[in-house]
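Undergrad: Just work-v8.cif, nothing more (mmCIF, C-alpha atoms and all ligand atoms):
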```
data_data
#
loop_
_atom_site.label_atom_id
_atom_site.label_comp_id
_atom_site.auth_asym_id
_atom_site.auth_seq_id
_atom_site.Cartn_x
_atom_site.Cartn_y
_atom_site.Cartn_z
CA MET A 18 0.00 0.00 0.00
CA ARG A 19 1.17 3.53 -0.77
CA LYS A 20 2.42 5.79 2.01
CA PRO A 21 0.03 8.63 2.87
CA ILE A 22 0.86 11.88 1.06
CA VAL A 23 0.50 15.40 2.46
CA GLY A 24 0.44 18.03 -0.30
CA LEU A 25 2.47 21.05 0.82
CA THR A 26 1.58 24.32 -0.85
CA GLY A 27 1.48 28.09 -0.33
CA GLY A 28 2.44 31.30 -2.07
CA ILE A 29 5.98 32.27 -2.96
CA GLY A 30 8.02 33.05 0.17
CA SER A 31 5.32 31.75 2.52
CA GLY A 32 7.82 29.28 4.03
CA LYS A 33 7.19 25.93 2.25
CA SER A 34 10.89 24.96 2.11
CA THR A 35 11.39 25.98 5.74
CA VAL A 36 8.39 23.87 6.80
CA ALA A 37 9.69 20.92 4.74
CA GLN A 38 13.03 21.13 6.60
CA LEU A 39 11.23 21.09 9.94
CA PHE A 40 9.24 17.99 8.93
CA ALA A 41 12.50 16.35 7.78
CA ALA A 42 13.76 16.65 11.36
CA HIS A 43 10.85 14.33 12.30
CA GLY A 44 11.91 11.84 9.63
CA VAL A 45 9.26 12.94 7.14
CA PRO A 46 10.80 13.34 3.64
CA CYS A 47 9.66 15.79 0.99
CA ILE A 48 9.49 15.35 -2.76
CA ASP A 49 9.41 18.66 -4.62
CA SER A 50 7.41 18.68 -7.88
CA ASP A 51 9.44 21.65 -9.18
CA VAL A 52 12.67 19.71 -8.74
CA VAL A 53 11.12 16.73 -10.55
CA ALA A 54 9.95 19.03 -13.38
CA HIS A 55 13.51 20.33 -13.75
CA GLN A 56 14.90 16.78 -13.84
CA LEU A 57 12.44 15.76 -16.56
CA THR A 58 13.27 18.80 -18.69
CA ALA A 59 17.06 18.77 -18.23
CA ALA A 60 19.24 17.67 -21.17
CA GLY A 61 18.41 14.01 -21.77
CA GLY A 62 15.44 14.25 -19.38
CA ALA A 63 12.54 11.85 -19.90
CA ALA A 64 10.18 14.59 -21.16
CA MET A 65 12.49 16.09 -23.74
CA ALA A 66 11.80 13.76 -26.67
CA GLU A 67 8.07 14.48 -26.47
CA ILE A 68 8.60 18.23 -25.95
CA ARG A 69 10.91 18.35 -28.94
CA ALA A 70 8.38 16.46 -31.08
CA ALA A 71 5.55 18.80 -30.01
CA PHE A 72 7.29 22.20 -30.14
CA GLY A 73 10.44 21.72 -32.19
CA GLU A 74 14.04 22.81 -31.71
CA ARG A 75 13.03 26.39 -30.88
CA VAL A 76 12.25 25.50 -27.24
CA LEU A 77 15.55 23.66 -26.66
CA ASP A 78 18.84 25.17 -25.51
CA GLU A 79 22.21 24.22 -26.99
CA HIS A 80 22.47 21.17 -24.68
CA GLY A 81 19.01 19.83 -25.50
CA ALA A 82 17.41 20.96 -22.22
CA LEU A 83 14.16 22.93 -22.15
CA ASN A 84 14.87 26.60 -22.80
CA ARG A 85 12.51 28.11 -20.23
CA ALA A 86 12.73 31.66 -21.58
CA ALA A 87 11.85 30.48 -25.12
CA MET A 88 8.99 28.33 -23.77
CA ARG A 89 7.65 31.26 -21.71
CA GLU A 90 7.66 33.47 -24.82
CA LEU A 91 5.86 30.83 -26.85
CA VAL A 92 3.20 30.33 -24.19
CA PHE A 93 2.80 34.09 -23.79
CA ALA A 94 2.23 34.47 -27.55
CA LYS A 95 -0.04 31.39 -27.78
CA PRO A 96 -1.77 30.59 -24.46
CA ALA A 97 -3.14 27.28 -25.81
CA GLU A 98 0.43 25.99 -25.99
CA ARG A 99 0.57 26.02 -22.19
CA LEU A 100 -2.12 23.33 -22.08
CA ARG A 101 -0.20 21.31 -24.62
CA LEU A 102 2.99 21.56 -22.54
CA GLU A 103 1.11 20.70 -19.35
CA SER A 104 -0.58 17.71 -20.97
CA ILE A 105 2.89 16.32 -21.67
CA LEU A 106 4.53 17.32 -18.40
CA HIS A 107 1.93 16.89 -15.66
CA PRO A 108 1.35 13.14 -16.05
CA MET A 109 5.11 12.59 -16.23
CA ILE A 110 5.78 14.72 -13.15
CA ARG A 111 3.04 12.86 -11.30
CA GLU A 112 4.47 9.44 -12.24
CA GLU A 113 8.02 10.45 -11.36
CA CYS A 114 6.91 11.93 -8.01
CA LEU A 115 5.14 8.64 -7.26
CA ARG A 116 8.29 6.68 -8.15
CA GLN A 117 10.40 8.87 -5.86
CA LEU A 118 7.78 8.67 -3.10
CA GLU A 119 8.05 4.87 -3.22
CA ARG A 120 11.80 5.03 -2.76
CA VAL A 121 11.98 7.32 0.28
CA SER A 122 11.41 6.06 3.78
CA GLY A 123 9.24 7.74 6.37
CA PRO A 124 5.86 7.22 8.03
CA TYR A 125 4.21 9.49 5.45
CA VAL A 126 5.62 11.89 2.87
CA LEU A 127 5.28 15.53 1.89
CA LEU A 128 4.76 16.40 -1.76
CA ALA A 129 5.57 20.08 -2.33
CA VAL A 130 3.49 21.48 -5.20
CA PRO A 131 3.30 25.27 -5.51
CA LEU A 132 0.20 24.98 -7.76
CA LEU A 133 -1.46 22.11 -5.85
CA PHE A 134 -5.00 23.49 -6.01
CA GLU A 135 -4.66 24.49 -9.67
CA THR A 136 -3.41 21.07 -10.80
CA PRO A 137 -5.93 18.19 -10.61
CA ALA A 138 -3.19 15.61 -11.36
CA PHE A 139 -1.66 16.44 -7.97
CA ARG A 140 -4.71 17.39 -6.00
CA THR A 141 -6.15 13.92 -6.53
CA LEU A 142 -2.88 12.33 -5.40
CA VAL A 143 -2.68 13.78 -1.88
CA ASN A 144 -4.48 12.56 1.23
CA ARG A 145 -4.36 15.98 2.93
CA SER A 146 -3.44 19.47 1.75
CA LEU A 147 -1.29 21.64 4.01
CA VAL A 148 -1.08 25.36 3.25
CA VAL A 149 1.72 27.52 4.64
CA ASP A 150 0.23 30.97 5.09
CA CYS A 151 1.46 34.45 5.95
CA PRO A 152 0.38 38.01 5.08
CA GLU A 153 1.34 39.21 1.60
CA GLU A 154 3.57 41.97 3.05
CA THR A 155 5.59 39.28 4.83
CA GLN A 156 5.80 37.18 1.64
CA GLN A 157 7.03 40.24 -0.20
CA GLN A 158 9.70 41.13 2.38
CA ARG A 159 11.00 37.56 2.50
CA VAL A 160 11.21 37.13 -1.26
CA MET A 161 12.91 40.51 -1.71
CA ALA A 162 15.48 39.64 0.98
CA ARG A 163 16.08 36.19 -0.55
CA SER A 164 16.18 37.09 -4.25
CA GLY A 165 17.05 40.77 -4.54
CA LEU A 166 13.98 41.27 -6.80
CA ALA A 167 12.29 44.68 -6.69
CA ALA A 168 9.02 45.20 -4.79
CA VAL A 169 7.00 45.57 -8.01
CA GLN A 170 8.39 42.33 -9.43
CA VAL A 171 7.52 40.38 -6.28
CA ALA A 172 4.08 42.01 -6.13
CA ALA A 173 3.46 40.88 -9.74
CA ILE A 174 4.40 37.28 -8.90
CA ILE A 175 2.12 37.27 -5.85
CA ALA A 176 -0.74 38.82 -7.89
CA ALA A 177 -0.41 36.06 -10.52
CA GLN A 178 -0.82 33.33 -7.85
CA MET A 179 -4.06 32.11 -6.29
CA PRO A 180 -5.45 34.71 -3.83
CA ARG A 181 -4.59 34.02 -0.19
CA GLN A 182 -8.21 33.67 0.97
CA GLN A 183 -9.05 31.16 -1.75
CA ARG A 184 -6.03 29.04 -0.89
CA LEU A 185 -7.01 29.08 2.80
CA GLN A 186 -10.55 28.01 1.93
CA LEU A 187 -9.31 25.02 -0.06
CA ALA A 188 -6.78 23.89 2.58
CA ASP A 189 -7.41 20.86 4.77
CA ASP A 190 -4.74 22.10 7.20
CA VAL A 191 -2.93 25.41 7.67
CA ILE A 192 0.39 26.42 9.21
CA HIS A 193 0.64 30.12 10.06
CA ASN A 194 4.07 31.51 9.33
CA ALA A 195 3.86 35.18 10.24
CA GLY A 196 5.90 34.85 13.42
CA GLU A 197 9.19 33.50 14.71
CA LEU A 198 10.85 30.34 13.45
CA ALA A 199 10.49 28.84 16.95
CA ASP A 200 6.73 29.18 16.66
CA LEU A 201 6.81 27.59 13.20
CA ALA A 202 8.71 24.60 14.61
CA LEU A 203 6.08 24.16 17.33
CA GLN A 204 3.30 24.15 14.75
CA VAL A 205 5.16 21.54 12.68
CA ASP A 206 5.58 19.35 15.81
CA GLU A 207 1.86 19.59 16.39
CA LYS A 208 0.92 18.86 12.76
CA HIS A 209 3.31 15.89 12.69
CA ARG A 210 1.57 14.31 15.70
CA TYR A 211 -1.78 15.09 14.08
CA TYR A 212 -0.81 13.39 10.78
CA LEU A 213 0.49 10.29 12.54
CA ALA A 214 -2.85 9.98 14.33
CA CYS A 215 -4.81 10.90 11.20
CA PHE A 216 -3.10 8.15 9.14
CA GLY A 217 -3.34 5.58 11.96
CA LEU A 218 0.44 5.49 12.46
CA PRO A 219 2.16 4.92 15.80
CA ALA A 220 3.03 8.03 17.83
CA PRO A 221 6.75 8.76 18.31
CA ALA A 222 8.33 7.36 21.48
P1 LIG B 301 8.95 29.16 -0.03
O1 LIG B 301 9.62 27.81 -0.09
O2 LIG B 301 7.48 29.08 0.31
O3 LIG B 301 9.20 30.06 -1.21
P2 LIG B 301 10.94 29.65 2.04
O4 LIG B 301 10.78 28.57 3.06
O5 LIG B 301 12.10 29.56 1.10
O6 LIG B 301 9.58 29.93 1.25
O7 LIG B 301 11.01 31.03 2.87
C1 LIG B 301 11.28 32.26 2.20
C2 LIG B 301 12.40 33.00 2.96
O8 LIG B 301 11.91 33.44 4.22
C3 LIG B 301 13.61 32.13 3.26
O9 LIG B 301 14.77 32.92 3.13
C4 LIG B 301 13.39 31.69 4.71
O10 LIG B 301 14.60 31.45 5.36
C5 LIG B 301 12.66 32.90 5.30
N1 LIG B 301 11.68 32.52 6.35
C6 LIG B 301 10.68 31.61 6.26
N2 LIG B 301 9.96 31.58 7.40
C7 LIG B 301 10.49 32.50 8.23
C8 LIG B 301 10.19 32.94 9.57
N3 LIG B 301 9.17 32.47 10.27
N4 LIG B 301 10.98 33.92 10.09
C9 LIG B 301 11.99 34.44 9.39
N5 LIG B 301 12.34 34.07 8.14
C10 LIG B 301 11.61 33.11 7.55
#
```
Could I get this file's structure written as structure tokens?

TA:
Amino acid sequence: MRKPIVGLTGGIGSGKSTVAQLFAAHGVPCIDSDVVAHQLTAAGGAAMAEIRAAFGERVLDEHGALNRAAMRELVFAKPAERLRLESILHPMIREECLRQLERVSGPYVLLAVPLLFETPAFRTLVNRSLVVDCPEETQQQRVMARSGLAAVQVAAIIAAQMPRQQRLQLADDVIHNAGELADLALQVDEKHRYYLACFGLPAPA
């Protein structure tokens, strides 16, 4: 039987990676769908033959990896091409995530998917959804500090993502990350105990 999967999501800079690290300290591994997508679209990646056949050489870089800038331009010019790309990539990402989930050990696993609620292929895979939430001002400050992007650029990224309230409504579970890291760790401890109970797994000694 498959290990239970908790889908980890939240806006940019909300603290998903930080939360994943805190769960790792409890022995709960995390598979990141973005990392898997990059593996599949690297030079020689499993998705590249199909992407090349569908879109041609123009979306490849000189090594044969997906040229993200060229793909973005293509999708911007022809929005229908996004669906075509997703119809190739999403099932492959899902299958590869499942393969990696099988290989890791832990009582249950986290699957980090930034667009969990927008992507049925993933939403139907997870047993619970866990949203990491914080005010948009906090998101903005964190992303600016981390990336050096300007306020307007970060605001545009946040505006293009699902609105905070909608994400909170769709969440099974929420971790609030507006405070100190110590408080975040306490919430992860609590959620970990909750998931063990929820999935009928033994409590830690
Ligand atoms: P995401 O993975 O959702 O984009 P991260 O976990 O990378 O977000 O967090 C964004 C940035 O904010 C990182 O530099 C992280 O170290 C920092 N950060 C996250 N949570 C907190 C917190 N509670 N207090 C201070 N800094 C935080």

Undergrad: Between CA of Leu100 in chain A and CA of Ser146 in chain A, what distance in Å does the model show, to one decimal?

TA: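 Between CA of Leu100 in chain A and CA of Ser146 in chain A the gap is 24.2 Å.
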
Undergrad: Give the residue list for ligand LIG 301 (chain B) at 10 Å, counting only C-alpha atoms and all ligand atoms, as a short mmCIF file (atom, residue, chain, number, x, y, z; two decimals) with C-alpha atoms, in the coordinates of the input, sorted by chain and then by residue number.

TA:
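After the write, selection-v4.cif holds the following:
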```cif
data_model
loop_
_atom_site.label_atom_id
_atom_site.label_comp_id
_atom_site.auth_asym_id
_atom_site.auth_seq_id
_atom_site.Cartn_x
_atom_site.Cartn_y
_atom_site.Cartn_z
CA LEU A 25 2.47 21.05 0.82
CA THR A 26 1.58 24.32 -0.85
CA GLY A 27 1.48 28.09 -0.33
CA GLY A 28 2.44 31.30 -2.07
CA ILE A 29 5.98 32.27 -2.96
CA GLY A 30 8.02 33.05 0.17
CA SER A 31 5.32 31.75 2.52
CA GLY A 32 7.82 29.28 4.03
CA LYS A 33 7.19 25.93 2.25
CA SER A 34 10.89 24.96 2.11
CA THR A 35 11.39 25.98 5.74
CA VAL A 36 8.39 23.87 6.80
CA ALA A 37 9.69 20.92 4.74
CA GLN A 38 13.03 21.13 6.60
CA ALA A 129 5.57 20.08 -2.33
CA PRO A 131 3.30 25.27 -5.51
CA VAL A 148 -1.08 25.36 3.25
CA VAL A 149 1.72 27.52 4.64
CA ASP A 150 0.23 30.97 5.09
CA CYS A 151 1.46 34.45 5.95
CA THR A 155 5.59 39.28 4.83
CA GLN A 156 5.80 37.18 1.64
CA GLN A 157 7.03 40.24 -0.20
CA GLN A 158 9.70 41.13 2.38
CA ARG A 159 11.00 37.56 2.50
CA VAL A 160 11.21 37.13 -1.26
CA MET A 161 12.91 40.51 -1.71
CA ALA A 162 15.48 39.64 0.98
CA ARG A 163 16.08 36.19 -0.55
CA SER A 164 16.18 37.09 -4.25
CA HIS A 193 0.64 30.12 10.06
CA ASN A 194 4.07 31.51 9.33
CA ALA A 195 3.86 35.18 10.24
CA GLY A 196 5.90 34.85 13.42
CA GLU A 197 9.19 33.50 14.71
CA LEU A 198 10.85 30.34 13.45
CA ALA A 199 10.49 28.84 16.95
CA ASP A 200 6.73 29.18 16.66
CA LEU A 201 6.81 27.59 13.20
CA ALA A 202 8.71 24.60 14.61
#
```

Undergrad: Could you make a table, as a Markdown table, of the residues of range 71-123 of chain A that have an atom within 8 Å of an atom of range 60-67 of chain A, each with its nearest atom pair and distance in Å to one decimal, counting only C-alpha atoms, in chain and number order?

TA:
```
| residue | atom | partner | partner_atom | distance |
| --- | --- | --- | --- | --- |
| A:Ala71 | CA | A:Glu67 | CA | 6.1 |
| A:His80 | CA | A:Ala60 | CA | 5.9 |
| A:Gly81 | CA | A:Ala60 | CA | 4.8 |
| A:Ala82 | CA | A:Ala60 | CA | 3.9 |
| A:Leu83 | CA | A:Met65 | CA | 7.2 |
| A:Ile105 | CA | A:Glu67 | CA | 7.3 |
| A:Leu106 | CA | A:Ala64 | CA | 6.9 |
| A:Met109 | CA | A:Ala64 | CA | 7.3 |
```

Undergrad: Record the distance separating CA of Ile192 in chain A and CA of Glu112 in chain A, expressed in Å with one decimal.

TA: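 Between CA of Ile192 in chain A and CA of Glu112 in chain A the gap is 27.7 Å.
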
Undergrad: Write out as a list in words the residues lying within 10 Å of range 211-213 of chain A, counting all atoms listed in the file and excluding same-chain residues fewer than 2 positions away.

TA: Pro21, Ile22, Val23, Pro124, Tyr125, Arg145, Val205, Asp206, Glu207, Lys208, His209, Cys215, Phe216, Gly217, Leu218, Pro219, Ala220 and Pro221 of chain A

Undergrad: Nearest to Leu147 in chain A: which of A:Gln204, A:Leu77, A:Ser122, A:Glu103 is it, counting only C-alpha atoms?

TA: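 So, comparing all the options, the nearest one is A:Gln204.
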
Undergrad: Determine, counting only C-alpha atoms, which protein, DNA and RNA residues have an atom within 12 Å of an atom of Val143 in chain A; residues of the same chain fewer than 5 positions away are not included. Present the result as a list in words.

TA: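 Residues near the query, excluding close chain neighbours: Arg19, Lys20, Pro21, Ile22, Val23, Gly24, Leu25, Thr26, Arg111, Cys114, Leu115, Leu118, Tyr125, Val126, Leu127, Leu128, Ala129, Val130, Leu133, Phe134, Thr136, Pro137, Ala138, Ala188 and Asp189 of chain A.
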
Undergrad: For CA of Leu91 in chain A and CA of Ser104 in chain A, determine how far apart the two atoms are, in Å to one decimal place.

TA: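 Between CA of Leu91 in chain A and CA of Ser104 in chain A the gap works out to 15.8 Å.
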
Undergrad: Out of A:Ala172, A:Ala54, A:Ala177, A:Ile110, which residue has the shortest atom-to-atom distance to Leu142 in chain A when counting only C-alpha atoms?

TA: A:Ile110

Undergrad: Which residues are near Arg89 in chain A? Cut-off 9 Å, only C-alpha atoms, ignore same chain within fewer than 5 positions. Put them as a ChimeraX atom specification.

TA: /A:84,94,99

Undergrad: Output range 23-39 of chain A as a compact mmCIF listing (two decimals), keeping the file's coordinate frame, making sure N, CA, C and O atoms are there.

TA:
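For reference, selection-v8.txt as written:
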```
# COMPACT_ATOMS: atom_id res chain seq x y z
N VAL A 23 0.99 14.07 2.09
CA VAL A 23 0.50 15.40 2.46
C VAL A 23 1.00 16.39 1.40
O VAL A 23 2.20 16.51 1.19
N GLY A 24 0.08 17.04 0.71
CA GLY A 24 0.44 18.03 -0.30
C GLY A 24 0.77 19.35 0.38
O GLY A 24 -0.06 19.92 1.09
N LEU A 25 2.01 19.82 0.18
CA LEU A 25 2.47 21.05 0.82
C LEU A 25 2.43 22.18 -0.20
O LEU A 25 3.04 22.08 -1.28
N THR A 26 1.69 23.23 0.12
CA THR A 26 1.58 24.32 -0.85
C THR A 26 1.54 25.67 -0.13
O THR A 26 1.56 25.73 1.10
N GLY A 27 1.48 26.74 -0.89
CA GLY A 27 1.48 28.09 -0.33
C GLY A 27 2.10 29.03 -1.34
O GLY A 27 2.76 28.58 -2.28
N GLY A 28 1.90 30.30 -1.14
CA GLY A 28 2.44 31.30 -2.07
C GLY A 28 3.95 31.38 -2.00
O GLY A 28 4.57 30.80 -1.09
N ILE A 29 4.52 32.09 -2.94
CA ILE A 29 5.98 32.27 -2.96
C ILE A 29 6.41 32.96 -1.65
O ILE A 29 5.76 33.88 -1.19
N GLY A 30 7.48 32.44 -1.06
CA GLY A 30 8.02 33.05 0.17
C GLY A 30 7.20 32.82 1.42
O GLY A 30 7.50 33.36 2.48
N SER A 31 6.16 31.98 1.33
CA SER A 31 5.32 31.75 2.52
C SER A 31 6.07 30.91 3.56
O SER A 31 5.79 31.00 4.75
N GLY A 32 7.03 30.09 3.09
CA GLY A 32 7.82 29.28 4.03
C GLY A 32 7.72 27.78 3.78
O GLY A 32 8.01 26.99 4.68
N LYS A 33 7.35 27.37 2.56
CA LYS A 33 7.19 25.93 2.25
C LYS A 33 8.50 25.15 2.49
O LYS A 33 8.48 24.10 3.13
N SER A 34 9.61 25.68 1.97
CA SER A 34 10.89 24.96 2.11
C SER A 34 11.29 24.87 3.58
O SER A 34 11.81 23.84 4.02
N THR A 35 11.05 25.95 4.31
CA THR A 35 11.39 25.98 5.74
C THR A 35 10.56 24.94 6.49
O THR A 35 11.08 24.19 7.33
N VAL A 36 9.28 24.86 6.17
CA VAL A 36 8.39 23.87 6.80
C VAL A 36 8.85 22.45 6.43
O VAL A 36 8.89 21.56 7.30
N ALA A 37 9.23 22.25 5.17
CA ALA A 37 9.69 20.92 4.74
C ALA A 37 10.93 20.50 5.53
O ALA A 37 11.04 19.34 5.94
N GLN A 38 11.83 21.45 5.80
CA GLN A 38 13.03 21.13 6.60
C GLN A 38 12.65 20.73 8.01
O GLN A 38 13.25 19.83 8.60
N LEU A 39 11.65 21.41 8.56
CA LEU A 39 11.23 21.09 9.94
C LEU A 39 10.58 19.71 10.01
O LEU A 39 10.78 18.96 10.97
```
